[in-house]
>>> print(open('coords.cif').read())   # mmCIF, C-alpha atoms (C1' of nucleotides)
data_entry
#
loop_
_atom_site.group_PDB
_atom_site.id
_atom_site.type_symbol
_atom_site.label_atom_id
_atom_site.label_comp_id
_atom_site.auth_asym_id
_atom_site.auth_seq_id
_atom_site.Cartn_x
_atom_site.Cartn_y
_atom_site.Cartn_z
ATOM 1 C CA MET R 1 35.676 11.323 -52.572
ATOM 2 C CA THR R 2 33.154 11.132 -49.764
ATOM 3 C CA PRO R 3 33.317 14.214 -47.526
ATOM 4 C CA ALA R 4 34.944 12.490 -44.533
ATOM 5 C CA LEU R 5 32.436 12.551 -41.704
ATOM 6 C CA PRO R 6 33.484 13.217 -38.120
ATOM 7 C CA GLN R 7 34.706 10.174 -36.247
ATOM 8 C CA PRO R 8 32.091 8.457 -34.145
ATOM 9 C CA THR R 9 32.726 8.540 -30.416
ATOM 10 C CA ARG R 10 32.688 5.397 -28.293
ATOM 11 C CA ALA R 11 28.986 5.540 -27.547
ATOM 12 C CA GLU R 12 28.169 6.466 -31.100
ATOM 13 C CA LEU R 13 30.152 3.560 -32.431
ATOM 14 C CA ALA R 14 28.258 1.177 -30.170
ATOM 15 C CA ILE R 15 25.040 2.457 -31.715
ATOM 16 C CA LEU R 16 26.399 2.148 -35.229
ATOM 17 C CA ARG R 17 27.260 -1.448 -34.530
ATOM 18 C CA VAL R 18 23.644 -2.112 -33.680
ATOM 19 C CA LEU R 19 22.464 -0.431 -36.870
ATOM 20 C CA TRP R 20 24.910 -2.424 -38.948
ATOM 21 C CA LYS R 21 23.763 -5.646 -37.371
ATOM 22 C CA LEU R 22 20.024 -5.059 -37.431
ATOM 23 C CA GLY R 23 19.614 -2.646 -40.300
ATOM 24 C CA PRO R 24 17.360 0.415 -39.985
ATOM 25 C CA CYS R 25 16.008 0.705 -36.450
ATOM 26 C CA THR R 26 13.792 2.777 -34.227
ATOM 27 C CA VAL R 27 15.229 4.326 -31.109
ATOM 28 C CA ARG R 28 13.554 1.657 -29.029
ATOM 29 C CA GLN R 29 15.080 -1.167 -31.009
ATOM 30 C CA VAL R 30 18.532 0.317 -30.670
ATOM 31 C CA HIS R 31 18.003 0.870 -26.978
ATOM 32 C CA GLU R 32 16.948 -2.700 -26.344
ATOM 33 C CA SER R 33 19.692 -4.182 -28.435
ATOM 34 C CA LEU R 34 22.227 -2.156 -26.475
ATOM 35 C CA ARG R 35 20.619 -3.350 -23.269
ATOM 36 C CA ASP R 36 21.302 -6.919 -24.352
ATOM 37 C CA THR R 37 24.828 -6.503 -25.618
ATOM 38 C CA GLN R 38 26.199 -3.857 -23.311
ATOM 39 C CA ASP R 39 27.463 -4.269 -19.782
ATOM 40 C CA LYS R 40 26.343 -0.876 -18.573
ATOM 41 C CA ASP R 41 22.854 0.042 -19.611
ATOM 42 C CA THR R 42 21.936 3.299 -21.165
ATOM 43 C CA GLY R 43 18.719 5.255 -20.680
ATOM 44 C CA TYR R 44 16.248 5.530 -23.508
ATOM 45 C CA THR R 45 16.540 9.276 -23.794
ATOM 46 C CA THR R 46 20.296 9.000 -23.882
ATOM 47 C CA VAL R 47 20.132 6.776 -26.928
ATOM 48 C CA LEU R 48 17.640 9.149 -28.500
ATOM 49 C CA LYS R 49 19.895 12.125 -27.895
ATOM 50 C CA LEU R 50 22.892 10.294 -29.277
ATOM 51 C CA LEU R 51 20.966 9.419 -32.417
ATOM 52 C CA GLN R 52 19.840 13.023 -32.787
ATOM 53 C CA ASN R 53 23.438 14.206 -32.473
ATOM 54 C CA MET R 54 24.537 11.612 -34.995
ATOM 55 C CA THR R 55 21.865 12.787 -37.411
ATOM 56 C CA GLU R 56 23.202 16.290 -36.979
ATOM 57 C CA LYS R 57 26.702 15.111 -37.810
ATOM 58 C CA GLY R 58 25.593 12.983 -40.708
ATOM 59 C CA LEU R 59 26.632 9.692 -39.147
ATOM 60 C CA VAL R 60 23.103 8.322 -39.519
ATOM 61 C CA GLN R 61 20.147 9.105 -41.714
ATOM 62 C CA ARG R 62 16.669 9.504 -40.289
ATOM 63 C CA ASP R 63 13.381 8.572 -41.894
ATOM 64 C CA GLU R 64 10.701 10.699 -40.267
ATOM 65 C CA SER R 65 7.843 9.838 -42.574
ATOM 66 C CA GLU R 66 6.245 7.888 -39.759
ATOM 67 C CA ARG R 67 5.668 9.155 -36.276
ATOM 68 C CA THR R 68 8.253 6.720 -34.980
ATOM 69 C CA HIS R 69 11.461 7.696 -36.712
ATOM 70 C CA VAL R 70 13.730 5.107 -38.243
ATOM 71 C CA TYR R 71 17.509 5.491 -38.193
ATOM 72 C CA GLU R 72 20.061 3.993 -40.514
ATOM 73 C CA ALA R 73 23.844 4.109 -40.598
ATOM 74 C CA ALA R 74 25.112 6.573 -43.183
ATOM 75 C CA LEU R 75 28.411 4.827 -43.819
ATOM 76 C CA SER R 76 29.105 1.144 -44.249
ATOM 77 C CA GLU R 77 30.768 -0.837 -41.523
ATOM 78 C CA LYS R 78 33.796 -1.514 -43.700
ATOM 79 C CA ARG R 79 34.231 2.109 -44.577
ATOM 80 C CA THR R 80 34.046 3.179 -40.973
ATOM 81 C CA GLN R 81 36.464 0.481 -39.918
ATOM 82 C CA ARG R 82 38.910 1.673 -42.520
ATOM 83 C CA ASP R 83 38.615 5.260 -41.363
ATOM 84 C CA LEU R 84 39.164 4.350 -37.736
ATOM 85 C CA LEU R 85 42.059 2.101 -38.553
ATOM 86 C CA ARG R 86 43.663 4.717 -40.730
ATOM 87 C CA ASP R 87 43.372 7.225 -37.934
ATOM 88 C CA LEU R 88 44.939 4.924 -35.373
ATOM 89 C CA MET R 89 47.660 3.934 -37.788
ATOM 90 C CA ASP R 90 48.624 7.569 -38.259
ATOM 91 C CA ARG R 91 48.339 8.525 -34.617
ATOM 92 C CA ALA R 92 50.030 5.564 -32.983
ATOM 93 C CA PHE R 93 51.968 3.667 -35.604
ATOM 94 C CA GLY R 94 53.564 6.468 -37.573
ATOM 95 C CA GLY R 95 51.573 5.374 -40.601
ATOM 96 C CA SER R 96 53.202 1.959 -40.806
ATOM 97 C CA ALA R 97 50.740 -0.761 -41.759
ATOM 98 C CA THR R 98 53.384 -3.372 -41.196
ATOM 99 C CA THR R 99 53.947 -2.434 -37.586
ATOM 100 C CA LEU R 100 50.241 -2.379 -37.049
ATOM 101 C CA VAL R 101 49.720 -5.843 -38.469
ATOM 102 C CA ALA R 102 52.661 -7.139 -36.480
ATOM 103 C CA GLN R 103 51.098 -5.878 -33.281
ATOM 104 C CA ALA R 104 47.754 -7.315 -34.233
ATOM 105 C CA LEU R 105 49.327 -10.722 -34.656
ATOM 106 C CA SER R 106 51.417 -10.630 -31.516
ATOM 107 C CA MET R 107 48.501 -9.401 -29.449
ATOM 108 C CA LYS R 108 46.235 -12.302 -29.842
ATOM 109 C CA ARG R 109 47.631 -15.769 -30.093
ATOM 110 C CA ALA R 110 45.660 -16.093 -33.263
ATOM 111 C CA SER R 111 43.983 -19.402 -33.789
ATOM 112 C CA ALA R 112 45.104 -21.683 -36.580
ATOM 113 C CA GLU R 113 42.013 -20.874 -38.613
ATOM 114 C CA GLU R 114 42.649 -17.190 -38.242
ATOM 115 C CA LEU R 115 46.226 -17.544 -39.334
ATOM 116 C CA ALA R 116 45.189 -19.519 -42.374
ATOM 117 C CA GLU R 117 42.573 -16.927 -43.162
ATOM 118 C CA ILE R 118 45.098 -14.134 -42.962
ATOM 119 C CA ARG R 119 47.511 -16.041 -45.147
ATOM 120 C CA LYS R 120 44.788 -16.422 -47.728
ATOM 121 C CA LEU R 121 44.163 -12.702 -47.597
ATOM 122 C CA LEU R 122 47.812 -12.093 -48.206
ATOM 123 C CA ASP R 123 47.803 -14.335 -51.254
ATOM 124 C CA GLU R 124 44.801 -12.630 -52.735
ATOM 125 C CA HIS R 125 46.266 -9.271 -52.046
ATOM 126 C CA GLU R 126 49.469 -10.169 -53.775
ATOM 127 C CA LYS R 127 47.663 -11.597 -56.768
ATOM 128 C CA ARG R 128 45.613 -8.455 -57.135
ATOM 129 C CA GLY R 129 48.745 -6.377 -56.988
ATOM 130 C CA LYS R 130 50.145 -8.111 -60.061
ATOM 131 C CA MET J 1 49.629 -8.094 -15.015
ATOM 132 C CA THR J 2 50.279 -4.388 -15.284
ATOM 133 C CA PRO J 3 47.383 -2.328 -13.909
ATOM 134 C CA ALA J 4 46.016 -1.088 -17.245
ATOM 135 C CA LEU J 5 46.521 2.645 -17.353
ATOM 136 C CA PRO J 6 43.911 4.979 -18.823
ATOM 137 C CA GLN J 7 44.088 5.414 -22.581
ATOM 138 C CA PRO J 8 46.055 8.418 -23.736
ATOM 139 C CA THR J 9 44.024 11.055 -25.569
ATOM 140 C CA ARG J 10 45.038 12.372 -28.974
ATOM 141 C CA ALA J 11 47.197 15.169 -27.604
ATOM 142 C CA GLU J 12 48.685 12.911 -24.981
ATOM 143 C CA LEU J 13 49.589 10.312 -27.566
ATOM 144 C CA ALA J 14 51.377 12.937 -29.638
ATOM 145 C CA ILE J 15 53.480 13.742 -26.585
ATOM 146 C CA LEU J 16 54.168 10.096 -25.882
ATOM 147 C CA ARG J 17 55.437 9.691 -29.414
ATOM 148 C CA VAL J 18 57.979 12.414 -28.767
ATOM 149 C CA LEU J 19 59.105 10.756 -25.552
ATOM 150 C CA TRP J 20 59.455 7.399 -27.262
ATOM 151 C CA LYS J 21 61.520 8.932 -30.023
ATOM 152 C CA LEU J 22 63.785 11.147 -27.931
ATOM 153 C CA GLY J 23 63.779 9.370 -24.607
ATOM 154 C CA PRO J 24 63.409 11.345 -21.341
ATOM 155 C CA CYS J 25 62.708 15.003 -22.076
ATOM 156 C CA THR J 26 62.088 18.332 -20.459
ATOM 157 C CA VAL J 27 58.905 20.198 -21.200
ATOM 158 C CA ARG J 28 60.779 22.503 -23.505
ATOM 159 C CA GLN J 29 62.221 19.671 -25.524
ATOM 160 C CA VAL J 30 58.822 18.120 -25.976
ATOM 161 C CA HIS J 31 57.353 21.450 -26.894
ATOM 162 C CA GLU J 32 59.936 22.124 -29.556
ATOM 163 C CA SER J 33 59.777 18.658 -31.009
ATOM 164 C CA LEU J 34 56.019 19.019 -31.319
ATOM 165 C CA ARG J 35 56.526 22.376 -32.966
ATOM 166 C CA ASP J 36 58.617 20.652 -35.633
ATOM 167 C CA THR J 37 56.442 17.647 -36.247
ATOM 168 C CA GLN J 38 52.986 19.033 -35.724
ATOM 169 C CA ASP J 39 50.894 21.069 -38.101
ATOM 170 C CA LYS J 40 49.166 23.145 -35.481
ATOM 171 C CA ASP J 41 51.457 24.445 -32.798
ATOM 172 C CA THR J 42 50.796 24.137 -29.146
ATOM 173 C CA GLY J 43 51.658 26.640 -26.426
ATOM 174 C CA TYR J 44 54.369 25.854 -23.940
ATOM 175 C CA THR J 45 52.057 25.907 -20.952
ATOM 176 C CA THR J 46 49.658 23.627 -22.748
ATOM 177 C CA VAL J 47 52.336 21.002 -23.139
ATOM 178 C CA LEU J 48 53.293 21.489 -19.507
ATOM 179 C CA LYS J 49 49.725 21.028 -18.393
ATOM 180 C CA LEU J 50 49.311 17.944 -20.510
ATOM 181 C CA LEU J 51 52.445 16.432 -19.019
ATOM 182 C CA GLN J 52 51.214 17.249 -15.528
ATOM 183 C CA ASN J 53 47.912 15.540 -16.272
ATOM 184 C CA MET J 54 49.726 12.556 -17.688
ATOM 185 C CA THR J 55 51.877 12.331 -14.581
ATOM 186 C CA GLU J 56 48.688 12.334 -12.538
ATOM 187 C CA LYS J 57 47.322 9.461 -14.587
ATOM 188 C CA GLY J 58 50.568 7.534 -14.546
ATOM 189 C CA LEU J 59 51.147 7.756 -18.289
ATOM 190 C CA VAL J 60 54.538 9.354 -17.714
ATOM 191 C CA GLN J 61 57.023 9.440 -14.873
ATOM 192 C CA ARG J 62 58.587 12.663 -13.692
ATOM 193 C CA ASP J 63 62.046 13.162 -12.325
ATOM 194 C CA GLU J 64 61.974 16.294 -10.205
ATOM 195 C CA SER J 65 65.407 15.985 -8.677
ATOM 196 C CA GLU J 66 66.500 18.932 -10.765
ATOM 197 C CA ARG J 67 64.702 22.203 -11.027
ATOM 198 C CA THR J 68 63.864 21.444 -14.627
ATOM 199 C CA HIS J 69 61.781 18.308 -14.467
ATOM 200 C CA VAL J 70 62.382 15.441 -16.830
ATOM 201 C CA TYR J 71 59.541 13.335 -18.162
ATOM 202 C CA GLU J 72 59.632 9.789 -19.427
ATOM 203 C CA ALA J 73 56.976 7.530 -20.903
ATOM 204 C CA ALA J 74 55.719 5.030 -18.359
ATOM 205 C CA LEU J 75 54.766 2.352 -20.853
ATOM 206 C CA SER J 76 56.662 1.150 -23.890
ATOM 207 C CA GLU J 77 55.538 2.112 -27.343
ATOM 208 C CA LYS J 78 54.777 -1.496 -28.214
ATOM 209 C CA ARG J 79 52.678 -1.985 -25.142
ATOM 210 C CA THR J 80 50.679 1.136 -25.783
ATOM 211 C CA GLN J 81 50.163 0.211 -29.397
ATOM 212 C CA ARG J 82 48.855 -3.166 -28.344
ATOM 213 C CA ASP J 83 46.465 -1.593 -25.871
ATOM 214 C CA LEU J 84 45.118 0.857 -28.400
ATOM 215 C CA LEU J 85 44.776 -1.790 -31.053
ATOM 216 C CA ARG J 86 43.026 -4.136 -28.694
ATOM 217 C CA ASP J 87 40.592 -1.416 -27.791
ATOM 218 C CA LEU J 88 39.807 -0.587 -31.398
ATOM 219 C CA MET J 89 39.501 -4.253 -32.254
ATOM 220 C CA ASP J 90 36.889 -4.717 -29.558
ATOM 221 C CA ARG J 91 35.009 -1.524 -30.269
ATOM 222 C CA ALA J 92 34.904 -1.598 -34.049
ATOM 223 C CA PHE J 93 35.775 -5.095 -35.218
ATOM 224 C CA GLY J 94 33.828 -7.227 -32.768
ATOM 225 C CA GLY J 95 37.111 -8.605 -31.487
ATOM 226 C CA SER J 96 38.083 -10.172 -34.794
ATOM 227 C CA ALA J 97 41.795 -9.831 -35.512
ATOM 228 C CA THR J 98 41.256 -11.297 -38.940
ATOM 229 C CA THR J 99 38.818 -8.609 -40.017
ATOM 230 C CA LEU J 100 41.148 -5.994 -38.668
ATOM 231 C CA VAL J 101 44.134 -7.292 -40.580
ATOM 232 C CA ALA J 102 42.048 -7.614 -43.708
ATOM 233 C CA GLN J 103 41.070 -3.963 -43.470
ATOM 234 C CA ALA J 104 44.639 -2.951 -42.790
ATOM 235 C CA LEU J 105 45.752 -4.694 -45.938
ATOM 236 C CA SER J 106 42.977 -3.408 -48.142
ATOM 237 C CA MET J 107 43.453 0.111 -46.894
ATOM 238 C CA LYS J 108 46.940 0.621 -48.088
ATOM 239 C CA ARG J 109 48.101 -1.115 -51.214
ATOM 240 C CA ALA J 110 51.000 -2.457 -49.248
ATOM 241 C CA SER J 111 54.310 -2.428 -51.005
ATOM 242 C CA ALA J 112 56.038 -5.656 -51.977
ATOM 243 C CA GLU J 113 58.535 -5.292 -49.174
ATOM 244 C CA GLU J 114 55.782 -4.769 -46.681
ATOM 245 C CA LEU J 115 53.925 -7.816 -47.866
ATOM 246 C CA ALA J 116 57.059 -9.912 -47.598
ATOM 247 C CA GLU J 117 57.654 -8.537 -44.134
ATOM 248 C CA ILE J 118 54.170 -9.454 -43.048
ATOM 249 C CA ARG J 119 54.498 -12.904 -44.496
ATOM 250 C CA LYS J 120 57.666 -13.381 -42.506
ATOM 251 C CA LEU J 121 55.842 -12.328 -39.384
ATOM 252 C CA LEU J 122 53.198 -14.883 -40.099
ATOM 253 C CA ASP J 123 55.774 -17.627 -40.455
ATOM 254 C CA GLU J 124 57.475 -16.740 -37.210
ATOM 255 C CA HIS J 125 54.196 -16.524 -35.459
ATOM 256 C CA GLU J 126 53.214 -19.987 -36.671
ATOM 257 C CA LYS J 127 56.533 -21.462 -35.666
ATOM 258 C CA ARG J 128 56.257 -20.006 -32.200
ATOM 259 C CA GLY J 129 52.791 -21.465 -31.842
ATOM 260 C CA LYS J 130 54.168 -24.973 -32.335
ATOM 261 C "C1'" DC D 1 72.276 43.328 -5.054
ATOM 262 C "C1'" DG D 2 68.955 43.937 -8.710
ATOM 263 C "C1'" DA D 3 67.083 42.939 -13.320
ATOM 264 C "C1'" DC D 4 65.786 39.481 -16.241
ATOM 265 C "C1'" DA D 5 64.861 34.832 -17.907
ATOM 266 C "C1'" DT D 6 63.126 30.213 -17.094
ATOM 267 C "C1'" DC D 7 60.398 26.972 -15.107
ATOM 268 C "C1'" DT D 8 56.450 24.964 -12.408
ATOM 269 C "C1'" DA D 9 52.028 25.571 -10.404
ATOM 270 C "C1'" DC D 10 47.323 27.190 -10.206
ATOM 271 C "C1'" DG D 11 42.995 28.549 -11.951
ATOM 272 C "C1'" DA D 12 39.943 29.650 -15.599
ATOM 273 C "C1'" DC D 13 37.470 29.168 -19.945
ATOM 274 C "C1'" DG D 14 35.108 27.016 -23.956
ATOM 275 C "C1'" DC D 15 34.033 22.884 -25.907
ATOM 276 C "C1'" DT D 16 32.356 18.172 -26.518
ATOM 277 C "C1'" DC D 17 30.323 14.098 -24.662
ATOM 278 C "C1'" DG D 18 27.234 11.245 -22.207
ATOM 279 C "C1'" DT D 19 23.545 11.473 -19.214
ATOM 280 C "C1'" DC D 20 18.932 12.488 -17.891
ATOM 281 C "C1'" DG D 21 14.422 15.098 -16.455
ATOM 282 C "C1'" DT D 22 10.719 17.285 -18.326
ATOM 283 C "C1'" DT D 23 7.516 18.734 -21.699
ATOM 284 C "C1'" DG D 24 4.375 18.546 -25.279
ATOM 285 C "C1'" DA D 25 2.531 16.016 -29.314
ATOM 286 C "C1'" DC D 26 0.193 12.031 -30.807
ATOM 287 C "C1'" DA D 27 -2.200 7.541 -30.438
ATOM 288 C "C1'" DC D 28 -4.966 3.966 -28.323
ATOM 289 C "C1'" DT D 29 -8.475 2.220 -24.910
ATOM 290 C "C1'" DT D 30 -12.414 2.301 -22.256
ATOM 291 C "C1'" DA M 1 -13.979 12.649 -23.246
ATOM 292 C "C1'" DA M 2 -10.699 11.110 -19.909
ATOM 293 C "C1'" DG M 3 -6.947 8.384 -18.889
ATOM 294 C "C1'" DT M 4 -2.731 5.882 -20.205
ATOM 295 C "C1'" DG M 5 1.282 5.070 -22.861
ATOM 296 C "C1'" DT M 6 4.797 6.161 -26.350
ATOM 297 C "C1'" DC M 7 7.506 9.218 -28.743
ATOM 298 C "C1'" DA M 8 10.548 13.281 -30.190
ATOM 299 C "C1'" DA M 9 12.286 17.560 -28.633
ATOM 300 C "C1'" DC M 10 14.528 20.637 -25.569
ATOM 301 C "C1'" DG M 11 17.397 22.137 -21.880
ATOM 302 C "C1'" DA M 12 20.474 21.229 -18.227
ATOM 303 C "C1'" DC M 13 24.288 19.206 -15.831
ATOM 304 C "C1'" DG M 14 28.883 17.128 -14.703
ATOM 305 C "C1'" DA M 15 33.046 15.464 -16.333
ATOM 306 C "C1'" DG M 16 37.061 15.467 -19.247
ATOM 307 C "C1'" DC M 17 39.981 17.745 -22.543
ATOM 308 C "C1'" DG M 18 42.831 21.266 -24.615
ATOM 309 C "C1'" DT M 19 43.935 25.844 -24.194
ATOM 310 C "C1'" DC M 20 46.060 29.645 -21.978
ATOM 311 C "C1'" DG M 21 47.027 33.769 -18.596
ATOM 312 C "C1'" DT M 22 49.171 34.644 -14.681
ATOM 313 C "C1'" DA M 23 51.537 34.073 -10.408
ATOM 314 C "C1'" DG M 24 55.369 32.432 -7.798
ATOM 315 C "C1'" DA M 25 59.731 30.131 -7.258
ATOM 316 C "C1'" DT M 26 64.419 29.625 -8.779
ATOM 317 C "C1'" DG M 27 68.289 30.460 -11.431
ATOM 318 C "C1'" DT M 28 71.771 33.741 -14.148
ATOM 319 C "C1'" DC M 29 74.126 37.813 -15.455
ATOM 320 C "C1'" DG M 30 75.306 42.541 -15.089
#
>>> encode(input="coords.cif", output="structure tokens")
Amino acid sequence: MTPALPQPTRAELAILRVLWKLGPCTVRQVHESLRDTQDKDTGYTTVLKLLQNMTEKGLVQRDESERTHVYEAALSEKRTQRDLLRDLMDRAFGGSATTLVAQALSMKRASAEELAEIRKLLDEHEKRGK
Amino acid sequence: MTPALPQPTRAELAILRVLWKLGPCTVRQVHESLRDTQDKDTGYTTVLKLLQNMTEKGLVQRDESERTHVYEAALSEKRTQRDLLRDLMDRAFGGSATTLVAQALSMKRASAEELAEIRKLLDEHEKRGK
DNA sequence: CGACATCTACGACGCTCGTCGTTGACACTT
DNA sequence: AAGTGTCAACGACGAGCGTCGTAGATGTCG
């Protein structure tokens, strides 16, 4: 089992999303990508500090072979999503996946394509269970 | 539209879960219920302080007509779950309900009953969309 | 009445998080 | 060599959170 890293905070998760999308990045690349995506814009040194903290925690890995360091997400997007979802499920849904899915469906009037997609997932899941 | 209260923190959510389960409670009742459920146990004044903070934020409503105040959750459990799920969906899943549901399913090898339940939800949801 | 329990209120502390200013190292240009 | 720009590192700050000690008000029982 992987050692269960600390949960990323909001700001950290925003950075991870950039790393997942772009792959390994310098601080500057992350900063500029955030500038594009984000509403509020974050100072360069803030992003740097965040990335340093995340290195400390093990959320990212740093390549310092060059003067300009390159950061990379330590965990996959899927894995992190699962961890976060698991946490929320325990904290707010009493561990019930069913309730969680129900809320997810009722929340968003899911589009027809989405519904079909989910149905397909269900089928595959069931098949695998056999 | 309801004014979108601040998100409850971890500790606050634990308290809300007690209030949802037991209905309106005194501080002492909440404290003791937490003592039962929780691993780590929280001091009485801590719970009191938390509830005072939550009153400040509007997360709970306080009846102070009696000397011993009675607290009640301001928002329904469902509503809060939706808010939290929406937030996580935006922050970690790029707003995709499908991805979220997929992860929820893959996370827990859902039991047969759960799968059937979810399928039923899907049907109802589709019908309602018509 | 007086002692004791119960409850709320107030203030403090330690911690984490996000933010930034500043500094010093390194590189490039002229 | 001097000037300019980029970068990582460090330290600081303010806010929010969870924790608690203590004080002060109010009730209860002898």
>>> atom_distance(input="coords.cif", atom1="atom CA of R:Ala116", atom2="atom CA of J:Glu77")
28.3 Å
>>> atom_distance(input="coords.cif", atom1="atom C1' of D:DA25", atom2="atom CA of R:Arg28")
18.1 Å
>>> closest_atom_pairs(input="coords.cif", of="stretch 2-28 of chain M", to="stretch 9-22 of chain D", cutoff="12 Å", atoms="all atoms listed in the file", output="JSON lines")
{"residue": "M:DA9", "atom": "C1'", "partner": "D:DT22", "partner_atom": "C1'", "distance": 10.4}
{"residue": "M:DC10", "atom": "C1'", "partner": "D:DT22", "partner_atom": "C1'", "distance": 8.8}
{"residue": "M:DG11", "atom": "C1'", "partner": "D:DT22", "partner_atom": "C1'", "distance": 9.0}
{"residue": "M:DA12", "atom": "C1'", "partner": "D:DG21", "partner_atom": "C1'", "distance": 8.8}
{"residue": "M:DC13", "atom": "C1'", "partner": "D:DT19", "partner_atom": "C1'", "distance": 8.5}
{"residue": "M:DG14", "atom": "C1'", "partner": "D:DT19", "partner_atom": "C1'", "distance": 9.0}
{"residue": "M:DA15", "atom": "C1'", "partner": "D:DC17", "partner_atom": "C1'", "distance": 8.9}
{"residue": "M:DG16", "atom": "C1'", "partner": "D:DC17", "partner_atom": "C1'", "distance": 8.8}
{"residue": "M:DC17", "atom": "C1'", "partner": "D:DC15", "partner_atom": "C1'", "distance": 8.6}
{"residue": "M:DG18", "atom": "C1'", "partner": "D:DC15", "partner_atom": "C1'", "distance": 9.0}
{"residue": "M:DT19", "atom": "C1'", "partner": "D:DC13", "partner_atom": "C1'", "distance": 8.4}
{"residue": "M:DC20", "atom": "C1'", "partner": "D:DA12", "partner_atom": "C1'", "distance": 8.8}
{"residue": "M:DG21", "atom": "C1'", "partner": "D:DA12", "partner_atom": "C1'", "distance": 8.7}
{"residue": "M:DT22", "atom": "C1'", "partner": "D:DC10", "partner_atom": "C1'", "distance": 8.9}
{"residue": "M:DA23", "atom": "C1'", "partner": "D:DC10", "partner_atom": "C1'", "distance": 8.1}
{"residue": "M:DG24", "atom": "C1'", "partner": "D:DA9", "partner_atom": "C1'", "distance": 8.1}
{"residue": "M:DA25", "atom": "C1'", "partner": "D:DA9", "partner_atom": "C1'", "distance": 9.5}
>>> atom_distance(input="coords.cif", atom1="atom CA of J:Arg86", atom2="atom CA of J:Met107")
18.7 Å
>>> residues_near_point(input="coords.cif", point="(30.4, 9.5, -35.6)", cutoff="12 Å", atoms="only C-alpha atoms (C1' of nucleotides)", output="compact mmCIF listing (two decimals) with C-alpha atoms (C1' of nucleotides), in the frame of the given file")
# COMPACT_ATOMS: atom_id res chain seq x y z
CA ALA R 4 34.94 12.49 -44.53
CA LEU R 5 32.44 12.55 -41.70
CA PRO R 6 33.48 13.22 -38.12
CA GLN R 7 34.71 10.17 -36.25
CA PRO R 8 32.09 8.46 -34.15
CA THR R 9 32.73 8.54 -30.42
CA ARG R 10 32.69 5.40 -28.29
CA ALA R 11 28.99 5.54 -27.55
CA GLU R 12 28.17 6.47 -31.10
CA LEU R 13 30.15 3.56 -32.43
CA ALA R 14 28.26 1.18 -30.17
CA ILE R 15 25.04 2.46 -31.72
CA LEU R 16 26.40 2.15 -35.23
CA ARG R 17 27.26 -1.45 -34.53
CA LEU R 50 22.89 10.29 -29.28
CA LEU R 51 20.97 9.42 -32.42
CA GLN R 52 19.84 13.02 -32.79
CA ASN R 53 23.44 14.21 -32.47
CA MET R 54 24.54 11.61 -34.99
CA THR R 55 21.86 12.79 -37.41
CA GLU R 56 23.20 16.29 -36.98
CA LYS R 57 26.70 15.11 -37.81
CA GLY R 58 25.59 12.98 -40.71
CA LEU R 59 26.63 9.69 -39.15
CA VAL R 60 23.10 8.32 -39.52
CA GLN R 61 20.15 9.10 -41.71
CA ALA R 73 23.84 4.11 -40.60
CA ALA R 74 25.11 6.57 -43.18
CA LEU R 75 28.41 4.83 -43.82
CA GLU R 77 30.77 -0.84 -41.52
CA THR R 80 34.05 3.18 -40.97
CA GLN R 81 36.46 0.48 -39.92
CA ASP R 83 38.62 5.26 -41.36
CA LEU R 84 39.16 4.35 -37.74
C1' DC D 17 30.32 14.10 -24.66
>>> residues_around(input="coords.cif", residues="D:DA3", least_positions_apart="3", cutoff="12 Å", atoms="all atoms listed in the file", output="CSV table (one decimal) with C-alpha atoms (C1' of nucleotides), in the frame of the given file")
chain,number,residue,atom,x,y,z
M,28,DT,C1',71.8,33.7,-14.1
M,29,DC,C1',74.1,37.8,-15.5
M,30,DG,C1',75.3,42.5,-15.1
>>> closest_atom_pairs(input="coords.cif", of="chain R", to="chain M", cutoff="12 Å", atoms="all atoms listed in the file", output="JSON lines")
{"residue": "R:Thr26", "atom": "CA", "partner": "M:DC7", "partner_atom": "C1'", "distance": 10.5}
{"residue": "R:Val27", "atom": "CA", "partner": "M:DC7", "partner_atom": "C1'", "distance": 9.4}
{"residue": "R:Arg28", "atom": "CA", "partner": "M:DC7", "partner_atom": "C1'", "distance": 9.7}
{"residue": "R:Tyr44", "atom": "CA", "partner": "M:DC7", "partner_atom": "C1'", "distance": 10.8}
{"residue": "R:Thr45", "atom": "CA", "partner": "M:DA8", "partner_atom": "C1'", "distance": 9.6}
{"residue": "R:Leu48", "atom": "CA", "partner": "M:DA8", "partner_atom": "C1'", "distance": 8.4}
{"residue": "R:Lys49", "atom": "CA", "partner": "M:DA9", "partner_atom": "C1'", "distance": 9.4}
{"residue": "R:Leu51", "atom": "CA", "partner": "M:DA8", "partner_atom": "C1'", "distance": 11.3}
{"residue": "R:Gln52", "atom": "CA", "partner": "M:DA8", "partner_atom": "C1'", "distance": 9.7}
{"residue": "R:Glu64", "atom": "CA", "partner": "M:DA8", "partner_atom": "C1'", "distance": 10.4}
{"residue": "R:Glu66", "atom": "CA", "partner": "M:DC7", "partner_atom": "C1'", "distance": 11.2}
{"residue": "R:Arg67", "atom": "CA", "partner": "M:DC7", "partner_atom": "C1'", "distance": 7.8}
{"residue": "R:Thr68", "atom": "CA", "partner": "M:DC7", "partner_atom": "C1'", "distance": 6.8}
{"residue": "R:His69", "atom": "CA", "partner": "M:DA8", "partner_atom": "C1'", "distance": 8.6}
{"residue": "R:Val70", "atom": "CA", "partner": "M:DA8", "partner_atom": "C1'", "distance": 11.9}
>>> resolve_selection(input="coords.cif", expression="the PyMOL selection byres ((chain D) within 10 of (chain J))", output="PDB file with C-alpha atoms (C1' of nucleotides), keeping the file's coordinate frame")
ATOM      1  C1'  DT D   6      63.126  30.213 -17.094  1.00  0.00           C
ATOM      2  C1'  DC D   7      60.398  26.972 -15.107  1.00  0.00           C
ATOM      3  C1'  DT D   8      56.450  24.964 -12.408  1.00  0.00           C
ATOM      4  C1'  DA D   9      52.028  25.571 -10.404  1.00  0.00           C
TER       5       DA D   9
END
